Structures are given as structure tokens and as C-alpha cells.
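Asks: Below is the structure I would like to discuss, written out as C-alpha cells.
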Amino acid sequence: MYYKQKYIESIETLKSNINGLSSDEAKKRLEEHGYNELKEGVKVPTWKLFLESFKDPLVIILLIAALVQIFLGEVVECVIIFIVIILNSILGVTQTKKAEGSLESLKKLSAPKAKVIRDNQKQTIEGRELVPGDIVILEAGDYIPADGRIIEAQTLKIVEGMLTGESEPVLKHSEKIDEEVGIGDQKNMVFSGSLVVYGRGTFVVTSTGMNTEMGKVANLLETAENKQTPLQQKLDEFSKKLGGLIIVIAALIFIIQVVRSFMSDVDIPKAKIIADSFMFAIVVAVAAIPEALSSIVTIVLSVGTNDMAKKQAIIRKLPAVETLGSTSVICTDKTGTLTQNKMTVVDFYMYETSKEDMSTQNINYSYQSKTLTVASAICNDSNINNEGKEIGDPTEVALIKFANSRNLDYNTLRDRYNRLSEIPFDSDRKLMSTVNNIHGNVYMFTKGAPDVVFSRCKYAMVDGDTVDINDDILNSYRSMNEEFSNKSLRVLAFAIKDVEDDNFVPSLEDEVDMTLVGLMAMIDPPREEVYEAVREAKSAGIKTVMITGDHKTTAAAIAKDIGIMDEGDIALTGQELDSLTDEELDEKLEHIPVYARVSPENKIRIVRAWQKKGKITAMTGDGVNDAPALKQADIGIGMGSGTDVAKDAAAMILVDDNFVTIVNAVEVGRTVYKNIKKSITYLFAGNFAG
């Protein structure tokens with residue numbers, strides 16, 4: 001595992017060096033490892049898919065009936081039967097071909113170009129020509145072309161959500177990691193298909209093509225089962241039973257007719273008796289076949305599709321409408337589906353300062369409250385453009401939105417309090433500092449991890465005055481920080497320092513002897529309507545399971561709050577899930593409503609575990625890492641804001657990414673199922689009566 005090695009050890013393991021490979025060595029490795037691209041398995045030819053659609057027992061009976069109609073001279077009826085069968089086959093093949101699009105979308109995520117060091121020179125090559133051992137240079141805006149171990153990272157932030165489910169950019173580093181961790185916590189590694197949004201760095205390629213994490217997802221997509229919907233399974237079973245029943249009835253009619261004719265006194269040739277009896281039996285059999293069955297099912301499903309579209313659920317595969325009605329387990333993502341996908345400041349703390357002081361109704365904030373809000377807005381690099389698009393780290397966006405909600409417009413503050421200098425955030429210090437001119441006085445504002453800020457403060461602001469910090473003040477802040485953390489809130493501490501010099505350029509040594517101002521706590525809060533939707537799902541006998549790339553404590557706190565997690569339930573990480581045998585998982589499954597920091601393999605395993613218990617399982621997802629499980633589930637539900645890979649693998653798309661929409665769609669699906677059952681009963685009774 002490369003993340004457990006020092007980067008120099010990884011380079012040595014890969015028989016490379018810091019100056020890159022030679023062109024000859026790269027050529028040799030390309031022949032050995034192949035191109036850095038995803039490969040598809042053997043595709044079933046279209047003609048074979050078309051022929052396989054004729055295996056259905058009812059279709060076989062209809063084909064026999066059509067041949068008999070030709071024999072009887074009823075050409076029109078025969079043509080109609082053939083048209084219905086062929087249209088159904090074409091529809092089935094088209095849906096199957098659409099499902100194959102997920103791997104094509106996955107391929108599009110590959111970086112077309114890569115900046116590498118070869119022959120001790122910087123070169124730009126085709127991404128598909130990368131080989132293990134190549135040294136790759138990264139800058140903001142680059143897509144990662146292959147998996148690799150980071151050599152150097154300068155404030156390198158990478159969006160990996162499509163692969164890990166993590167909702168925020170990950171700050172990378174080059175230090176080795178000693179403990180066993182999942183890919184979401186391998187912060188010294190980069191993965192193919194992810195995006196650099198900040199900083200720069202270099203890495204050594206460790207895996208290419210199908211050996212990358214993206215390649216593993218592609219392989220899972222290829223091997224995930226294409227499951228029949230409950231309706232398809234029941235119709236198949238019904239077709240077999242109906243076909244057998246029709247054959248038995250036709251045979252009985254034939255025998256009865258022959259026996260009656262032989263026992264009568266009418267002088268008719270035996271050959272004619274047998275032929276007439278056979279034709280009569282065939283006519284009865286054809287009459288009993290519900291030719292309109294597939295048409296009626298399609299019409300009912302289409303009506304259901306339109307109803308769901310009105311409720312923000314777009315159906316990509318028609319049978320999915322009915323599958324929703326049979327759903328008994330919904331495996332859902334957290335971020336954006338159960339939550340608002342917007343970090344929001346929900347609490348704050350200042351020593352001996354009332355929270356009412358910073359209420360939205362208060363327009364005369366105290367000096368300390370205003371200082372905390374100003375610090376959060378100007379020691380901050382995020383922005384909201386003219387179109388309302390939020391740019392920057394979600395945590396920082398939450399801070400400027402908080403300032404705006406307190407009638408302290410962040411743009412006005414930044415214009416008024418000019419930034420003179422700064423020390424950017426980095427993962428080692430866990431701090432960010434800016435130097436600003438406030439009405440002619442120069443101050444350094446610092447924000448960061450509470451424990452780090454506490455250790456750098458010599459003073460504290462109390463009711464607007466600066467006093468020496470003491471144990472009572474520190475313990476008060478530490479206690480509140482712990483209380484916030486136990487609620488799974490993300491906490492930042494803010495401090496200020498008077499530097500009194502327009503030409504002051506801060507260094508790391510200056511982030512000491514500061515004045516502690518206060519704390520701000522934030523979280524991605526649940527959607528308001530989700531609480532009722534979870535209750536409705538539970539009362540309808542549907543279990544909700546949260547599967548997220550977020551941390552376990554955060555996921556469990558949200559799950560308890562909205563009613564997914566009950567007394568006695570437990571939350572598991574992907575690693576903890578890996579440690580369970582299939583038997584242990586089966587035993588505990590009903591009491592595990594939350595899975596955190598999971599891998600694509602974990603998601604498929606969870607879905608299969610529920611399916612093994614006979615539960616019709618729905619799975620939601622928006623990232624590349626969700627696609628295999630979306631395909632494996634009885635119904636895959638993609639997010640409207642998600643990746644093309646997830647959408648291609650899904651049977652249904654949520655336009656609004658909202659869990660409530662799933663619950664509403666289930667209600668429509670149950671109505672559709674009832675209507676189909678009524679239609680089949682009516683059709684079956686009518687045909688046999690005829």
C-alpha cells in the first residue's frame with residue numbers, strides 16, 4: 001500500500017526516480033502495462049439481444065398462434081401479433097443498450113493530456129500513454145490522469161466526491177500514513193478522474209487503466225447483475241403458468257372433441273375428426289392468450305411515468321415505475337439528498353456574551369459580536385458571484401452567508417477593510433491569517449482549528465475588552481468546542497492581533513500572542529421536509545438506510561436527528577464492514593441503518609445483503625463510486641445534479657435530488673402495481689370467458 005510508504009520509498013518500489021522515466025523505459029512499460037484507459041468486457045451483439053427477447057413463454061405461444069393464423073388464412077391477425085412482438089423486442093433491446101452507456105460516460109472522465117517529467121524534462125503527453133513510475137505535475141484545473149502517490153503538495157485541494165462521496169475538496173499532503181485507511185482518508189494519494197481545484201503538486205503514478213480505483217469501478221459495473229424487476233419476475237412466472245394451463249386446456253379440449261366425435265354415429269373420416277378437433281383446440285388456445293397483456297402493462301406504466309415526472313422523478317426504464325411500488329428498503333446518500341448540501345452556521349460562542357446579541361433581529365451588535373462576524377467574512381477567500389453561484393470552500397461560503405444574514409454584507413466589509421497581506425491556510429498549521437486595515441488601524445485576523453488557535457492566544461476578548469486569557473476562559477471555550485463536536489458540528493475559532501503597521505508582512509512566527517474572539521459552528525443541515533418523509537416511509541414499511549462518504553459521527557448524528565437511526569442501532573464505517581463475514585452482516589443487517597466512509601465494493605455488498613433477505617432495494621447515488629451499486633440494486637436512483645456515469649446506471653433520475661421525491665414516487669409505484677394486477681385479472685377473466 002503506497003500510502004503507508006514515504007514517497008521516496010514508493011518511487012523506489014516503482015523503479016523510477018524524482019527526475020522521471022526515460023523515453024525508452026516509458027515505451028517498455030507501456031508495452032508491459034498497456035494503455036492508461038478503461039477497457040470494456042465482451043458486449044452481447046444486438047442481434048443476439050433481439051433473439052433472446054423471444055424466449056418468453058407467452059411470446060413463444062403467440063408465435064405459435066401466429067403460425068396457426070397463417071395456416072387458417074387469417075393474415076391480418078398474424079401480422080398484428082408479429083408487430084406487437086417485434087415492437088416489444090425493439091423496446092427491450094433499446095433499454096439494454098442505454099444501460100451500457102455508463103461505462104462510456106466513465107471513459108469520458110479520463111484526462112486527455114498529462115504534464116510529466118521524462119528524460120529530466122517537463123513534457124505534455126496523451127493521458128493514455130502514462131505508465132507506472134511516471135512523475136506527473138498538477139495545477140489547479142487539472143484532472144488527475146491516473147492513481148498515484150503524492151511527492152509534493154502545496155495547498156493542493158482535490159475534489160474526489162465522484163469517487164469517495166466526500167462533499168468537500170480534500171486537502172492533500174505528502175507524508176506517509178501509518179494506519180489502515182479507506183480511499184477517502186488516503187490524503188497522500190490521488191485518484192484518476194478527480195479534479196484539482198486549488199494549489200499545485202507532483203505525484204508518481206502507481207496504477208493505470210483498469211488497475212486504478214476508477215478501473216475497479218468500471219469492473220464492478222461490468223460484473224453487476226442486471227436484475228429483473230418484481231413485475232418482470234411475476235409476469236414471467238405468470239406467463240409460464242398460463243402457457244402450461246393453456247396447453248393443458250387445449251389438449252383436454254382436443255381429446256374430448258376426438259372422443260365425442262368417435263362415439264357419435266356421424267359418419268366422418270377419422271382424419272377429418274382429428275384435424276377439426278386439433279384446429280378447434282388451437283382456436284381456443286389462441287383465444288385464451290391475452291395478446292393485449294404487454295400493451296396494457298406498457299400503457300399503465302407510461303401513465304405512472306407521467307405522474308412521477310410531475311413529482312420531479314424522471315423514469316429512464318419503464319418497469320422501474322412498478323419496482324418503486326414494491327420497494328421495501330431505500331439506501332440513500334446523505335449529502336444533498338437528506339441534507340441541503342449547503343454548510344450553514346448554526347451556532348456560535350463568545351465568552352460571557354449572550355447569543356441574543358447576534359440574533360438576526362438585532363441591528364445593534366456588540367463590539368465583540370461584530371468583530372467575530374467581520375473576522376469570519378474578511379479572513380476568507382470564498383465568494384458569491386453575480387449569478388448567485390457560490391465559489392470556494394463550502395465552509396467559508398457558510399461564513400460569508402452568515403455575515404450577510406446579520407446585515408453585514410461581506411463585499412462591503414472587504415471593500416471597507418482592505419486586505420494588505422495574508423498567510424494562506426495549510427494542513428500543518430491548520431490556520432489562515434489576513435492583515436487588514438480597519439479605519440486606519442492594522443489588524444491580523446486568524447481563523448483555524450480551535451485547539452490550535454487556543455494555544456496561540458495570550459489574550460481573550462470579554463464583553464469587548466481585551467483581558468489576559470485564564471483557565472476559566474480557556475476551559476469555557478474547550479467545553480463549548482467539545483459540545484459542538486459531539487453534535488458533529490464543524491467548529492472554527494477566530495482571533496485578532498493589533499499589528500499597527502501598514503507595511504507589516506506576516507510570517508508563521510507572528511501567529512502568536514493573539515486575542516481569542518469566539519467560535520463558530522456549522523453543519524450541512526437536513527432538509528426540513530425529510531423528517532416527515534422518513535416517518536411516512538417507516539409507516540409504509542420501508543426501511544431507510546444512509547450510505548455516505550462522510551465521517552461516521554456526522555452521519556450518525558444526522559441519522560438520529562431525522563429518525564433513521566433508533567435506539568440499539570449502530571453505524572459502521574467501510575473498514576468495519578469489511579471486517580464482518582457475510583454471516584455476521586446478515587445477522588446485524590436490520591440494525592445497521594448508517595454506513596460511512598464506504599467504497600464502491602461496500603455499497604454493492606450492502607445492496608446484495610438486503611436482496612439476499614428478499615427485500616426489493618432502491619439505491620440512490622450521484623457519483624462514479626455509486627454507479628455499480630445503482631446497477632446492482634432493484635432500482636437505481638440517480639441524482640439530477642450527479643455525474644453522467646451515475647445517471648446512465650440508474651433507472652430513475654431525481655430532478656431535485658430530494659429524498660422526499662423518492663417517497664412520493666413510491667406511492668405512485670404502488671398505485672401502478674395495483675392497476676396492473678386489476679388489468680391482468682380483468683383481461684385473464686375476459687379471455688377465458690370468451
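Here's how to read the names in the C-alpha cells: chain A, B, ... by the order shown, residue numbers from 1 in each chain, ligand numbers from 1 in the order shown.
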If we count only C-alpha atoms and set the cut-off at 9 Å, which residues sit around Val624 in chain A, ignoring sequence neighbours fewer than 3 positions away in its own chain? Please answer as number ranges by chain.

Replies: A: 106, 161-165, 214, 217, 600, 621, 627-628, 642-646

Asks: Just list the residues in range 425-617 of chain A DSSP gives strand (DSSP E) on the backbone, as a count of residues only.

Replies: 60

Asks: Among the residues of range 418-493 of chain A, find those DSSP assigns to helix (DSSP H, G or I) from the backbone and print them as an NGL selection string.

Replies: :A and (450-456 or 471-486)

Asks: Can I get the selection written as a CSV table (one decimal), in the first residue's frame, with C-alpha atoms?

Replies:
```
chain,number,residue,atom,x,y,z
A,450,PRO,CA,-10.0,25.6,17.9
A,451,ASP,CA,-7.2,23.7,19.7
A,452,VAL,CA,-4.5,25.3,17.6
A,453,VAL,CA,-6.0,28.8,17.9
A,454,PHE,CA,-6.4,28.4,21.7
A,455,SER,CA,-2.7,27.5,22.0
A,456,ARG,CA,-1.7,30.7,20.1
A,471,ASP,CA,-8.0,28.8,32.8
A,472,ASP,CA,-11.7,29.7,33.3
A,473,ILE,CA,-11.9,31.3,29.9
A,474,LEU,CA,-10.0,28.5,28.2
A,475,ASN,CA,-12.0,25.8,29.9
A,476,SER,CA,-15.2,27.5,28.9
A,477,TYR,CA,-14.1,27.6,25.2
A,478,ARG,CA,-12.8,24.0,25.3
A,479,SER,CA,-16.0,22.8,26.9
A,480,MET,CA,-18.1,24.5,24.2
A,481,ASN,CA,-15.9,23.2,21.4
A,482,GLU,CA,-16.4,19.7,22.8
A,483,GLU,CA,-20.2,20.2,23.0
A,484,PHE,CA,-20.3,21.4,19.4
A,485,SER,CA,-18.1,18.5,18.2
A,486,ASN,CA,-20.3,15.9,20.0
```

Asks: Work out how far apart CA of Glu37 in chain A and CA of Ile144 in chain A are and give it in Å to one decimal.

Replies: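 These atoms are spaced 12.9 Å apart.
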
Asks: Looking at only C-alpha atoms, which of A:Phe659, A:Phe71, A:Phe50, A:Phe262 is the one that sits closest to Met279 in chain A?

Replies: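 Looking at the shortest contact to Met279 in chain A, the residue is A:Phe71.
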
Asks: Residues within 9 Å of Thr395 in chain A, please, as an NGL selection string. Count only C-alpha atoms; anything in the same chain fewer than 4 positions from it doesn't count.

Replies: :A and (168 or 342-345 or 382 or 399 or 490 or 522-523)

Asks: Rounded to one decimal in Å, what is the spacing between CA of Ser89 in chain A and CA of Val668 in chain A?

Replies: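 Interatomic distance here is 26.4 Å.
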
Asks: For each of A:Gln186, A:Thr323, A:Thr661, A:Thr337, take the minimum atom-to-atom distance to Ser641 in chain A, counting only C-alpha atoms, then give the residue where this is smallest.

Replies: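 Of A:Gln186, A:Thr323, A:Thr661, A:Thr337, the one nearest Ser641 in chain A is A:Thr337, counting only C-alpha atoms.
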
Asks: Using only C-alpha atoms, determine which residues lie at most 10 Å from Phe402 in chain A, disregarding the query and same-chain residues fewer than 4 positions distant; provide the list as a PyMOL selection string.

Replies: chain A and resi 344-346+360+373+376-377+396-398+406-410

Asks: Pull C-alpha atoms from the residues just selected and write them as a PDB file, in the first residue's frame.

Replies:
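selection_24.pdb, written as the output of this step:
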```
ATOM      1  CA  THR A 344     -24.656  26.575   7.388  1.00  0.00           C
ATOM      2  CA  VAL A 345     -23.569  28.331  10.573  1.00  0.00           C
ATOM      3  CA  VAL A 346     -25.966  27.006  13.195  1.00  0.00           C
ATOM      4  CA  THR A 360     -30.952  38.328  13.102  1.00  0.00           C
ATOM      5  CA  THR A 373     -18.651  38.337  12.202  1.00  0.00           C
ATOM      6  CA  SER A 376     -15.303  35.393   9.562  1.00  0.00           C
ATOM      7  CA  ALA A 377     -16.066  37.416   6.413  1.00  0.00           C
ATOM      8  CA  GLU A 396     -16.032  29.657   4.024  1.00  0.00           C
ATOM      9  CA  VAL A 397     -19.176  30.235   1.938  1.00  0.00           C
ATOM     10  CA  ALA A 398     -21.228  29.454   5.061  1.00  0.00           C
ATOM     11  CA  ARG A 406     -26.578  39.686  10.060  1.00  0.00           C
ATOM     12  CA  ASN A 407     -26.809  42.765   7.785  1.00  0.00           C
ATOM     13  CA  LEU A 408     -23.013  42.863   7.416  1.00  0.00           C
ATOM     14  CA  ASP A 409     -22.569  42.428   3.658  1.00  0.00           C
ATOM     15  CA  TYR A 410     -19.289  40.600   3.100  1.00  0.00           C
TER      16      TYR A 410
END
```

Asks: Using 10 Å as the limit and counting only C-alpha atoms, can you tabulate each residue of range 319-438 of chain A that touches range 613-619 of chain A, with its shortest atom-to-atom distance in Å and the two atoms involved, as a tab-separated table?

Replies:
```
residue	atom	partner	partner_atom	distance
A:Thr323	CA	A:Ile616	CA	7.8
A:Leu324	CA	A:Ala618	CA	7.6
A:Gly325	CA	A:Ile616	CA	9.5
A:Ser326	CA	A:Ile616	CA	6.4
A:Thr327	CA	A:Ile616	CA	4.8
A:Ser328	CA	A:Ile616	CA	5.4
A:Val329	CA	A:Thr617	CA	4.8
A:Ile330	CA	A:Ala618	CA	4.8
A:Cys331	CA	A:Met619	CA	4.7
A:Thr332	CA	A:Met619	CA	6.0
A:Asp333	CA	A:Met619	CA	8.4
```

Asks: The selected residues should be written to file as a PDB file, in the first residue's frame (atoms: N, CA and C atoms).

Replies:
```pdb
ATOM      1  N   THR A 323     -41.424  -1.166  -9.932  1.00  0.00           N
ATOM      2  CA  THR A 323     -40.450  -1.609  -8.929  1.00  0.00           C
ATOM      3  C   THR A 323     -40.497  -0.723  -7.697  1.00  0.00           C
ATOM      4  N   LEU A 324     -40.645   0.569  -7.910  1.00  0.00           N
ATOM      5  CA  LEU A 324     -40.742   1.507  -6.787  1.00  0.00           C
ATOM      6  C   LEU A 324     -41.872   1.134  -5.843  1.00  0.00           C
ATOM      7  N   GLY A 325     -42.987   0.692  -6.438  1.00  0.00           N
ATOM      8  CA  GLY A 325     -44.131   0.315  -5.619  1.00  0.00           C
ATOM      9  C   GLY A 325     -43.871  -0.892  -4.745  1.00  0.00           C
ATOM     10  N   SER A 326     -42.876  -1.708  -5.124  1.00  0.00           N
ATOM     11  CA  SER A 326     -42.551  -2.915  -4.356  1.00  0.00           C
ATOM     12  C   SER A 326     -41.382  -2.697  -3.404  1.00  0.00           C
ATOM     13  N   THR A 327     -40.798  -1.493  -3.437  1.00  0.00           N
ATOM     14  CA  THR A 327     -39.583  -1.219  -2.662  1.00  0.00           C
ATOM     15  C   THR A 327     -39.824  -1.342  -1.159  1.00  0.00           C
ATOM     16  N   SER A 328     -38.903  -2.036  -0.484  1.00  0.00           N
ATOM     17  CA  SER A 328     -39.005  -2.174   0.971  1.00  0.00           C
ATOM     18  C   SER A 328     -37.784  -1.602   1.698  1.00  0.00           C
ATOM     19  N   VAL A 329     -36.699  -1.318   0.937  1.00  0.00           N
ATOM     20  CA  VAL A 329     -35.503  -0.706   1.535  1.00  0.00           C
ATOM     21  C   VAL A 329     -35.009   0.388   0.590  1.00  0.00           C
ATOM     22  N   ILE A 330     -34.764   1.591   1.127  1.00  0.00           N
ATOM     23  CA  ILE A 330     -34.169   2.672   0.343  1.00  0.00           C
ATOM     24  C   ILE A 330     -32.790   2.968   0.919  1.00  0.00           C
ATOM     25  N   CYS A 331     -31.746   2.674   0.146  1.00  0.00           N
ATOM     26  CA  CYS A 331     -30.377   3.021   0.531  1.00  0.00           C
ATOM     27  C   CYS A 331     -30.084   4.390  -0.076  1.00  0.00           C
ATOM     28  N   THR A 332     -29.931   5.390   0.768  1.00  0.00           N
ATOM     29  CA  THR A 332     -29.812   6.763   0.270  1.00  0.00           C
ATOM     30  C   THR A 332     -28.518   7.434   0.684  1.00  0.00           C
ATOM     31  N   ASP A 333     -28.038   8.305  -0.175  1.00  0.00           N
ATOM     32  CA  ASP A 333     -26.895   9.150   0.146  1.00  0.00           C
ATOM     33  C   ASP A 333     -27.345  10.199   1.158  1.00  0.00           C
TER      34      ASP A 333
END
```

Asks: Which residues are close to Asp569 in chain A, i.e. within 8 Å by only C-alpha atoms, leaving aside same-chain residues fewer than 2 positions away? Reply as a list in words.

Replies: Met565, Asp566, Glu567, Ala571, His591, Ile592 and Pro593 of chain A

Asks: Can I get the selected residues back with N, CA and C atoms, as a JSON list (two decimals), in the first residue's frame?

Replies:
```
[["chain", "number", "residue", "atom", "x", "y", "z"],
["A", 565, "MET", "N", -32.06, 6.47, 12.52],
["A", 565, "MET", "CA", -31.35, 5.65, 13.50],
["A", 565, "MET", "C", -32.12, 5.62, 14.81],
["A", 566, "ASP", "N", -32.45, 4.42, 15.28],
["A", 566, "ASP", "CA", -33.21, 4.25, 16.52],
["A", 566, "ASP", "C", -32.32, 3.71, 17.63],
["A", 567, "GLU", "N", -32.89, 3.63, 18.81],
["A", 567, "GLU", "CA", -32.18, 3.06, 19.97],
["A", 567, "GLU", "C", -31.76, 1.63, 19.66],
["A", 571, "ALA", "N", -23.84, 2.35, 13.70],
["A", 571, "ALA", "CA", -23.29, 2.86, 12.44],
["A", 571, "ALA", "C", -21.96, 2.17, 12.19],
["A", 591, "HIS", "N", -30.13, -3.86, 11.96],
["A", 591, "HIS", "CA", -29.82, -2.84, 12.97],
["A", 591, "HIS", "C", -28.64, -1.96, 12.56],
["A", 592, "ILE", "N", -28.34, -1.93, 11.25],
["A", 592, "ILE", "CA", -27.28, -1.04, 10.75],
["A", 592, "ILE", "C", -27.90, -0.09, 9.73],
["A", 593, "PRO", "N", -28.42, 1.06, 10.19],
["A", 593, "PRO", "CA", -29.04, 2.00, 9.25],
["A", 593, "PRO", "C", -28.08, 3.04, 8.68]]
```

Asks: Which residues are close to Val442 in chain A, i.e. within 6 Å by only C-alpha atoms, leaving aside same-chain residues fewer than 3 positions away? Reply as a ChimeraX atom specification.

Replies: /A:436-437,499-500

Asks: Any chance you could export the current selection's N, CA and C atoms as a short mmCIF file (atom, residue, chain, number, x, y, z; two decimals), in the first residue's frame?

Replies:
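Result file result-v4.cif:
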```cif
data_model
loop_
_atom_site.label_atom_id
_atom_site.label_comp_id
_atom_site.auth_asym_id
_atom_site.auth_seq_id
_atom_site.Cartn_x
_atom_site.Cartn_y
_atom_site.Cartn_z
N ASN A 436 -5.52 43.30 7.67
CA ASN A 436 -6.49 44.24 7.11
C ASN A 436 -6.40 45.60 7.79
N ASN A 437 -6.71 46.62 7.01
CA ASN A 437 -6.74 47.99 7.52
C ASN A 437 -8.16 48.29 7.98
N VAL A 499 -1.41 44.90 14.94
CA VAL A 499 0.00 44.91 14.48
C VAL A 499 0.50 46.32 14.19
N GLU A 500 -0.43 47.31 14.03
CA GLU A 500 -0.10 48.74 13.96
C GLU A 500 0.99 49.09 12.95
#
```
